[in-house]
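For reference, final.tsv (TSV, C-alpha atoms):
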chain	number	residue	atom	x	y	z
A	1	MET	CA	156.08	-3.66	25.40
A	2	LYS	CA	157.61	-1.05	23.07
A	3	LYS	CA	155.11	-1.92	20.32
A	4	LYS	CA	152.23	-1.54	22.78
A	5	LEU	CA	153.55	1.83	23.90
A	6	ARG	CA	153.85	3.03	20.28
A	7	ILE	CA	150.17	2.19	19.86
A	8	LEU	CA	148.97	3.44	23.25
A	9	ILE	CA	150.85	6.75	23.47
A	10	PRO	CA	149.20	8.43	20.42
A	11	ILE	CA	145.79	7.14	21.56
A	12	LEU	CA	146.34	8.47	25.08
A	13	LEU	CA	147.55	11.78	23.64
A	14	GLY	CA	144.37	12.05	21.59
A	15	VAL	CA	142.24	11.33	24.66
A	16	PHE	CA	144.27	13.85	26.67
A	17	PHE	CA	143.76	16.62	24.12
A	18	LEU	CA	140.05	15.83	23.93
A	19	TYR	CA	139.94	16.14	27.73
A	20	LEU	CA	141.95	19.37	27.53
A	21	THR	CA	139.48	20.76	24.98
A	22	PHE	CA	136.66	19.84	27.34
A	23	ARG	CA	138.41	21.58	30.23
A	24	VAL	CA	139.14	24.86	28.39
A	25	THR	CA	135.56	25.26	27.21
A	26	SER	CA	132.41	25.81	29.22
A	27	GLU	CA	129.18	23.92	28.65
A	28	SER	CA	127.66	26.92	26.86
A	29	GLU	CA	130.76	27.24	24.63
A	30	ARG	CA	130.59	23.55	23.71
A	31	ALA	CA	126.91	23.94	22.88
A	32	LEU	CA	127.72	26.96	20.71
A	33	ILE	CA	130.47	25.04	18.88
A	34	TRP	CA	128.06	22.19	18.21
A	35	ASN	CA	125.43	24.62	16.92
A	36	TYR	CA	127.98	26.20	14.60
A	37	ILE	CA	128.96	22.78	13.26
A	38	LYS	CA	125.33	21.73	12.77
A	39	SER	CA	124.60	24.97	10.90
A	40	ALA	CA	127.52	24.51	8.48
A	41	LYS	CA	126.46	24.94	4.86
A	42	ILE	CA	126.45	21.49	3.34
A	43	GLU	CA	127.71	22.63	-0.08
A	44	TYR	CA	130.97	23.92	1.41
A	45	VAL	CA	131.38	20.84	3.59
A	46	ILE	CA	130.91	18.60	0.54
A	47	ALA	CA	133.36	20.76	-1.42
A	48	ALA	CA	135.98	20.39	1.33
A	49	MET	CA	135.40	16.63	1.51
A	50	THR	CA	135.64	16.33	-2.27
A	51	LEU	CA	138.92	18.23	-2.35
A	52	GLY	CA	140.28	16.06	0.46
A	53	ALA	CA	139.24	12.91	-1.41
A	54	CYS	CA	140.84	14.23	-4.61
A	55	ALA	CA	144.13	14.72	-2.75
A	56	ASP	CA	144.12	11.08	-1.61
A	57	ILE	CA	143.12	9.82	-5.06
A	58	ILE	CA	145.95	11.78	-6.67
A	59	ARG	CA	148.29	10.35	-4.02
A	60	GLY	CA	147.35	6.84	-5.17
A	61	LEU	CA	147.85	7.76	-8.82
A	62	ARG	CA	151.21	9.35	-8.02
A	63	TRP	CA	152.50	6.12	-6.49
A	64	GLN	CA	152.07	4.41	-9.87
A	65	PHE	CA	154.92	6.51	-11.25
A	66	LEU	CA	157.22	4.98	-8.64
A	67	SER	CA	156.01	1.42	-9.22
A	68	ASN	CA	156.63	1.84	-12.95
A	69	ALA	CA	160.07	3.29	-12.18
A	70	ILE	CA	161.10	0.05	-10.41
A	71	GLY	CA	159.71	-2.10	-13.20
A	72	TYR	CA	156.23	-3.07	-11.92
A	73	LYS	CA	152.76	-2.24	-13.16
A	74	SER	CA	150.07	-1.46	-10.60
A	75	ASN	CA	146.30	-1.48	-10.72
A	76	THR	CA	144.84	2.03	-10.39
A	77	ILE	CA	141.97	1.03	-8.10
A	78	ILE	CA	144.32	-0.88	-5.80
A	79	SER	CA	146.80	2.01	-5.72
A	80	VAL	CA	144.11	4.52	-4.73
A	81	ALA	CA	142.32	2.17	-2.32
A	82	SER	CA	145.59	1.44	-0.50
A	83	VAL	CA	145.89	5.15	0.40
A	84	PHE	CA	142.44	5.28	2.00
A	85	MET	CA	143.10	1.98	3.79
A	86	CYS	CA	146.40	3.39	5.07
A	87	TYR	CA	144.72	6.42	6.64
A	88	THR	CA	141.81	4.39	7.99
A	89	SER	CA	144.24	1.99	9.63
A	90	ASN	CA	146.15	4.90	11.17
A	91	MET	CA	142.91	6.16	12.73
A	92	ALA	CA	142.47	2.81	14.47
A	93	ILE	CA	146.08	1.83	15.19
A	94	PRO	CA	148.73	4.57	15.07
A	95	ARG	CA	151.64	4.05	12.65
A	96	SER	CA	150.04	0.92	11.16
A	97	GLY	CA	148.93	2.53	7.90
A	98	GLU	CA	152.22	2.30	6.02
A	99	LEU	CA	152.52	-1.41	6.84
A	100	VAL	CA	148.95	-2.03	5.69
A	101	ARG	CA	149.46	-0.04	2.49
A	102	ALA	CA	152.77	-1.71	1.64
A	103	SER	CA	151.27	-5.17	2.27
A	104	ILE	CA	148.25	-4.45	0.06
A	105	LEU	CA	150.33	-3.03	-2.78
A	106	SER	CA	152.68	-6.00	-2.55
A	107	GLU	CA	149.99	-8.67	-2.41
A	108	TYR	CA	147.63	-7.35	-5.06
A	109	ASN	CA	150.23	-6.04	-7.51
A	110	LYS	CA	152.73	-8.89	-6.97
A	111	ILE	CA	155.53	-6.52	-5.98
A	112	PRO	CA	158.17	-7.50	-3.35
A	113	ILE	CA	157.12	-5.88	-0.09
A	114	GLY	CA	160.60	-4.43	0.47
A	115	LYS	CA	160.27	-2.45	-2.73
A	116	THR	CA	156.80	-1.17	-1.86
A	117	PHE	CA	158.17	0.04	1.47
A	118	GLY	CA	160.96	1.79	-0.40
A	119	THR	CA	158.59	3.60	-2.75
A	120	ILE	CA	156.32	4.64	0.14
A	121	ALA	CA	159.41	5.95	1.94
A	122	ALA	CA	160.26	7.95	-1.18
A	123	GLU	CA	156.76	9.43	-1.13
A	124	ARG	CA	157.22	10.34	2.52
A	125	ILE	CA	160.45	12.15	1.80
A	126	ILE	CA	158.82	14.15	-0.99
A	127	ASP	CA	155.82	15.04	1.22
A	128	ILE	CA	158.02	16.04	4.15
A	129	THR	CA	160.09	18.18	1.78
A	130	ILE	CA	156.94	19.87	0.47
A	131	SER	CA	155.58	20.46	3.97
A	132	LEU	CA	158.89	22.02	5.01
A	133	PHE	CA	158.84	24.13	1.83
A	134	ILE	CA	155.33	25.33	2.77
A	135	LEU	CA	156.59	26.14	6.27
A	136	ILE	CA	159.47	28.18	4.84
A	137	LEU	CA	157.11	29.87	2.38
A	138	VAL	CA	154.78	30.85	5.22
A	139	TRP	CA	157.76	32.20	7.15
A	140	LEU	CA	158.97	34.27	4.19
A	141	LEU	CA	155.57	35.62	3.13
A	142	GLN	CA	153.94	35.97	6.53
A	143	TYR	CA	156.82	36.24	8.97
A	144	GLU	CA	155.07	39.03	10.88
A	145	VAL	CA	152.13	36.73	11.59
A	146	ILE	CA	154.44	33.97	12.80
A	147	LEU	CA	156.48	36.31	14.98
A	148	GLU	CA	153.37	37.83	16.50
A	149	SER	CA	151.95	34.39	17.22
A	150	PHE	CA	154.92	32.59	18.76
A	151	PHE	CA	157.49	35.11	19.92
A	152	ASP	CA	157.74	38.22	22.03
A	153	ASP	CA	160.26	41.02	21.53
A	154	LYS	CA	162.53	39.90	24.36
A	155	LEU	CA	162.83	36.37	22.99
A	156	LEU	CA	163.56	37.66	19.49
A	157	PHE	CA	166.27	39.94	20.87
A	158	ASN	CA	167.91	37.01	22.70
A	159	ILE	CA	167.78	34.85	19.56
A	160	ASP	CA	169.38	37.61	17.52
A	161	GLN	CA	172.16	38.12	20.08
A	162	ASN	CA	172.94	34.40	20.31
A	163	ILE	CA	172.35	33.27	16.73
A	164	ASN	CA	175.94	31.97	16.29
A	165	THR	CA	175.72	29.88	19.44
A	166	ILE	CA	172.35	28.50	18.38
A	167	LEU	CA	173.75	27.50	14.97
A	168	ILE	CA	176.80	25.79	16.50
A	169	VAL	CA	174.68	23.85	19.00
A	170	SER	CA	172.27	22.84	16.23
A	171	ILE	CA	175.11	21.57	14.04
A	172	LEU	CA	176.62	19.62	16.96
A	173	MET	CA	173.25	18.04	17.75
A	174	PHE	CA	172.83	17.08	14.10
A	175	CYS	CA	176.27	15.42	14.11
A	176	VAL	CA	175.45	13.51	17.29
A	177	ILE	CA	172.21	12.23	15.75
A	178	ILE	CA	174.02	11.13	12.56
A	179	PHE	CA	176.67	9.33	14.66
A	180	ALA	CA	173.99	7.57	16.73
A	181	VAL	CA	172.14	6.50	13.60
A	182	SER	CA	175.32	5.06	12.11
A	183	ARG	CA	175.82	2.93	15.23
A	184	ILE	CA	172.35	1.44	15.53
A	185	LYS	CA	171.78	-1.50	13.19
A	186	LYS	CA	167.98	-1.37	12.99
A	187	ILE	CA	167.94	2.35	12.32
A	188	LYS	CA	170.68	1.89	9.71
A	189	ILE	CA	168.56	-0.71	7.90
A	190	PHE	CA	165.52	1.57	8.08
A	191	PHE	CA	167.38	4.54	6.64
A	192	LYS	CA	168.97	2.31	4.00
A	193	GLY	CA	165.46	1.34	2.87
A	194	ILE	CA	164.45	4.99	2.73
A	195	ILE	CA	167.52	5.84	0.65
A	196	GLU	CA	166.84	2.94	-1.73
A	197	GLY	CA	163.22	4.05	-2.04
A	198	PHE	CA	164.26	7.62	-2.63
A	199	LEU	CA	166.63	6.48	-5.38
A	200	SER	CA	163.61	5.13	-7.26
A	201	LEU	CA	162.89	8.79	-8.00
A	202	THR	CA	166.02	8.86	-10.16
A	203	ASN	CA	164.43	6.24	-12.42
A	204	LEU	CA	161.43	8.44	-13.16
A	205	LYS	CA	163.27	10.30	-15.94
A	206	LYS	CA	160.55	11.75	-18.19
A	207	LYS	CA	157.94	11.00	-15.52
A	208	LEU	CA	159.63	13.22	-12.94
A	209	PHE	CA	157.69	16.34	-13.95
A	210	PRO	CA	154.26	14.59	-13.77
A	211	PHE	CA	155.28	13.13	-10.40
A	212	LEU	CA	156.15	16.57	-9.02
A	213	LEU	CA	153.00	18.02	-10.60
A	214	PHE	CA	150.85	15.39	-8.87
A	215	SER	CA	152.67	16.12	-5.60
A	216	SER	CA	151.83	19.82	-5.96
A	217	LEU	CA	148.20	19.01	-6.74
A	218	ILE	CA	147.91	16.87	-3.59
A	219	TRP	CA	148.93	19.74	-1.34
A	220	THR	CA	146.92	22.28	-3.32
A	221	CYS	CA	143.79	20.18	-2.73
A	222	TYR	CA	144.55	19.93	1.00
A	223	ILE	CA	145.04	23.69	1.29
A	224	LEU	CA	141.87	24.46	-0.70
A	225	ALA	CA	139.87	21.98	1.39
A	226	PHE	CA	141.05	23.77	4.53
A	227	PHE	CA	140.28	27.19	3.04
A	228	VAL	CA	136.78	26.26	1.84
A	229	ILE	CA	135.71	25.39	5.39
A	230	LYS	CA	135.96	29.08	6.28
A	231	PHE	CA	132.83	29.77	4.21
A	232	SER	CA	130.74	26.95	5.67
A	233	VAL	CA	129.79	28.91	8.80
A	234	PRO	CA	129.14	32.71	8.62
A	235	GLU	CA	130.87	33.28	11.97
A	236	LEU	CA	134.14	31.86	10.58
A	237	GLU	CA	134.42	34.70	8.08
A	238	ILE	CA	135.88	36.94	10.80
A	239	ILE	CA	139.12	34.94	10.40
A	240	ASN	CA	141.54	36.97	8.30
A	241	ASN	CA	142.65	35.22	5.10
A	242	ASN	CA	146.27	35.90	6.08
A	243	LEU	CA	145.83	33.46	8.98
A	244	ILE	CA	144.55	30.54	6.88
A	245	PHE	CA	147.89	29.45	5.42
A	246	PRO	CA	149.84	29.44	8.71
A	247	ALA	CA	146.88	27.80	10.49
A	248	PHE	CA	146.98	25.05	7.86
A	249	VAL	CA	150.69	24.51	8.56
A	250	VAL	CA	150.01	24.28	12.30
A	251	GLY	CA	147.36	21.64	11.58
A	252	VAL	CA	149.69	19.64	9.31
A	253	PHE	CA	152.42	19.37	11.94
A	254	SER	CA	149.93	18.50	14.71
A	255	ILE	CA	148.40	15.49	12.93
A	256	SER	CA	151.21	13.07	13.79
A	257	LEU	CA	150.79	13.54	17.55
A	258	SER	CA	147.70	11.30	17.82
A	259	ASN	CA	145.49	9.02	15.73
A	260	HIS	CA	145.02	11.07	12.57
A	261	GLY	CA	145.25	14.22	14.70
A	262	LEU	CA	142.23	13.33	16.86
A	263	GLY	CA	141.83	15.99	19.54
A	264	VAL	CA	145.17	17.62	18.71
A	265	TYR	CA	144.35	19.11	15.30
A	266	PRO	CA	141.31	21.23	16.30
A	267	LEU	CA	142.93	22.40	19.54
A	268	ALA	CA	146.19	23.36	17.79
A	269	ILE	CA	144.32	25.47	15.23
A	270	SER	CA	142.19	27.06	17.95
A	271	LEU	CA	145.23	27.98	20.06
A	272	PHE	CA	146.97	29.48	17.02
A	273	LEU	CA	143.94	31.60	16.08
A	274	LEU	CA	143.48	32.65	19.71
A	275	ASN	CA	146.73	34.64	19.41
A	276	PHE	CA	144.97	36.90	16.90
A	277	GLY	CA	141.80	37.56	18.86
A	278	ILE	CA	139.73	34.70	17.38
A	279	ASN	CA	137.76	33.28	20.28
A	280	THR	CA	137.98	29.63	21.27
A	281	GLU	CA	134.52	28.69	19.95
A	282	ILE	CA	135.32	29.95	16.46
A	283	GLY	CA	138.78	28.35	16.42
A	284	LEU	CA	137.52	24.97	17.61
A	285	THR	CA	134.61	25.08	15.15
A	286	TYR	CA	137.05	25.66	12.31
A	287	GLY	CA	139.41	22.94	13.53
A	288	TRP	CA	136.73	20.31	14.10
A	289	LEU	CA	135.03	20.97	10.76
A	290	ALA	CA	138.33	20.74	8.87
A	291	TRP	CA	139.34	17.58	10.72
A	292	SER	CA	135.92	15.94	10.42
A	293	CYS	CA	135.69	16.46	6.65
A	294	GLN	CA	138.92	14.55	6.08
A	295	ALA	CA	138.12	11.92	8.72
A	296	ILE	CA	134.68	11.17	7.23
A	297	ILE	CA	136.11	10.81	3.73
A	298	THR	CA	138.84	8.52	5.08
A	299	LEU	CA	136.38	6.29	6.95
A	300	ILE	CA	133.90	6.05	4.06
A	301	PHE	CA	136.39	5.27	1.30
A	302	GLY	CA	138.71	3.32	3.59
A	303	GLY	CA	135.81	1.13	4.74
A	304	LEU	CA	134.70	0.56	1.13
A	305	SER	CA	138.25	-0.32	0.15
A	306	PHE	CA	138.63	-2.90	2.92
A	307	PHE	CA	135.35	-4.45	1.73
A	308	VAL	CA	135.77	-4.25	-2.05
A	309	LEU	CA	139.44	-5.19	-2.60
A	310	PRO	CA	139.10	-8.81	-1.36
A	311	LEU	CA	136.12	-9.20	-3.73
A	312	LEU	CA	138.21	-7.94	-6.65
A	313	ASN	CA	140.96	-10.36	-5.74
A	314	THR	CA	138.45	-13.24	-5.57
A	315	SER	CA	137.04	-12.35	-8.99
A	316	ASP	CA	140.55	-12.54	-10.46
In structure tokens, how does this file's structure come out?
Amino acid sequence: MKKKLRILIPILLGVFFLYLTFRVTSESERALIWNYIKSAKIEYVIAAMTLGACADIIRGLRWQFLSNAIGYKSNTIISVASVFMCYTSNMAIPRSGELVRASILSEYNKIPIGKTFGTIAAERIIDITISLFILILVWLLQYEVILESFFDDKLLFNIDQNINTILIVSILMFCVIIFAVSRIKKIKIFFKGIIEGFLSLTNLKKKLFPFLLFSSLIWTCYILAFFVIKFSVPELEIINNNLIFPAFVVGVFSISLSNHGLGVYPLAISLFLLNFGINTEIGLTYGWLAWSCQAIITLIFGGLSFFVLPLLNTSD
């Protein structure tokens, strides 16, 4: 039952946010959004898709540093294909991608599946760290935008007056979570695997800099892909460049709520931009174009990977 719920809940959330998008827009607004999307300049759409594909390709290449660090060689095509297959699987069945990717890397590269899970966990930790770093960077460089978007003066005053209490409560909650984790066997095993995978980073030695460089390139490609979309439709150019970076962050943290961010991603970006006077049609156009570019790339290359890899294995 729990497994079914883990699959159903993200799907239902995606459907709910699609329904919510339908409810907050009129028929004429939906027609306008569709017209904007149809009029998008193909060269910018292709550029965004190419940058998105490059990010996923680099992600596959980056994983090879970790496989080498634990003493295994990996095929480049398989490493890259496993990334696209991971994301394609997540679009169909939430949270299934990592299992699919780990299984593929294990089977085709003859690596124990426990170790592939560990290396993928290490990648996750690095990516989460980078996404949090981006969030902090946005806060430091564009704190006025964030404050204007999410807080009013009264709330900020209350936070300032009660900052010590908030910190104490946060620390206590963190301690409670750590205690709970230490008492639950399955979660302990899971976190042990993550720690073991993370420790593979210590074996990178001279390859640590290239690994971090590849990690930076992945996120640079994602950000550029998001930024390029702004120029695909003339009406999107009214969006101030200062809003692009924080809007990207909003999109990143909304993706995990449903299948590959279906329904959630465009609406989250639209609601964020709405705070700055960008109407719903423009915000949803931006969100759907950005989401669609990555989704199309994922489906095309993921589908090819599912088809081609078994043939490669047969030929061996």
If we count only C-alpha atoms, what is near Tyr286 in chain A at a cut-off of 12 Å, once residues fewer than 4 positions away on the same chain are taken out, given as an mmCIF file with C-alpha atoms, in the coordinates of the input?
data_model
loop_
_atom_site.group_PDB
_atom_site.id
_atom_site.type_symbol
_atom_site.label_atom_id
_atom_site.label_comp_id
_atom_site.auth_asym_id
_atom_site.auth_seq_id
_atom_site.Cartn_x
_atom_site.Cartn_y
_atom_site.Cartn_z
ATOM 1 C CA ILE A 33 130.470 25.040 18.880
ATOM 2 C CA TRP A 34 128.060 22.190 18.210
ATOM 3 C CA TYR A 36 127.980 26.200 14.600
ATOM 4 C CA ILE A 37 128.960 22.780 13.260
ATOM 5 C CA ALA A 40 127.520 24.510 8.480
ATOM 6 C CA VAL A 45 131.380 20.840 3.590
ATOM 7 C CA ALA A 225 139.870 21.980 1.390
ATOM 8 C CA PHE A 226 141.050 23.770 4.530
ATOM 9 C CA PHE A 227 140.280 27.190 3.040
ATOM 10 C CA VAL A 228 136.780 26.260 1.840
ATOM 11 C CA ILE A 229 135.710 25.390 5.390
ATOM 12 C CA LYS A 230 135.960 29.080 6.280
ATOM 13 C CA PHE A 231 132.830 29.770 4.210
ATOM 14 C CA SER A 232 130.740 26.950 5.670
ATOM 15 C CA VAL A 233 129.790 28.910 8.800
ATOM 16 C CA PRO A 234 129.140 32.710 8.620
ATOM 17 C CA GLU A 235 130.870 33.280 11.970
ATOM 18 C CA LEU A 236 134.140 31.860 10.580
ATOM 19 C CA GLU A 237 134.420 34.700 8.080
ATOM 20 C CA ILE A 238 135.880 36.940 10.800
ATOM 21 C CA ILE A 239 139.120 34.940 10.400
ATOM 22 C CA ILE A 244 144.550 30.540 6.880
ATOM 23 C CA ALA A 247 146.880 27.800 10.490
ATOM 24 C CA PHE A 248 146.980 25.050 7.860
ATOM 25 C CA GLY A 251 147.360 21.640 11.580
ATOM 26 C CA TYR A 265 144.350 19.110 15.300
ATOM 27 C CA PRO A 266 141.310 21.230 16.300
ATOM 28 C CA LEU A 267 142.930 22.400 19.540
ATOM 29 C CA ALA A 268 146.190 23.360 17.790
ATOM 30 C CA ILE A 269 144.320 25.470 15.230
ATOM 31 C CA SER A 270 142.190 27.060 17.950
ATOM 32 C CA LEU A 271 145.230 27.980 20.060
ATOM 33 C CA PHE A 272 146.970 29.480 17.020
ATOM 34 C CA LEU A 273 143.940 31.600 16.080
ATOM 35 C CA ILE A 278 139.730 34.700 17.380
ATOM 36 C CA ASN A 279 137.760 33.280 20.280
ATOM 37 C CA THR A 280 137.980 29.630 21.270
ATOM 38 C CA GLU A 281 134.520 28.690 19.950
ATOM 39 C CA ILE A 282 135.320 29.950 16.460
ATOM 40 C CA ALA A 290 138.330 20.740 8.870
ATOM 41 C CA TRP A 291 139.340 17.580 10.720
ATOM 42 C CA SER A 292 135.920 15.940 10.420
ATOM 43 C CA CYS A 293 135.690 16.460 6.650
#
As an exercise, work out the distance from CA of Ser103 in chain A to CA of Gly52 in chain A in Å and give it to one decimal place. 24.0 Å
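Separating CA of Leu66 in chain A from CA of Cys54 in chain A is a distance of 19.2 Å.
Reported to one decimal place, the separation of CA of Ala81 in chain A from CA of Leu105 in chain A is 9.6 Å.
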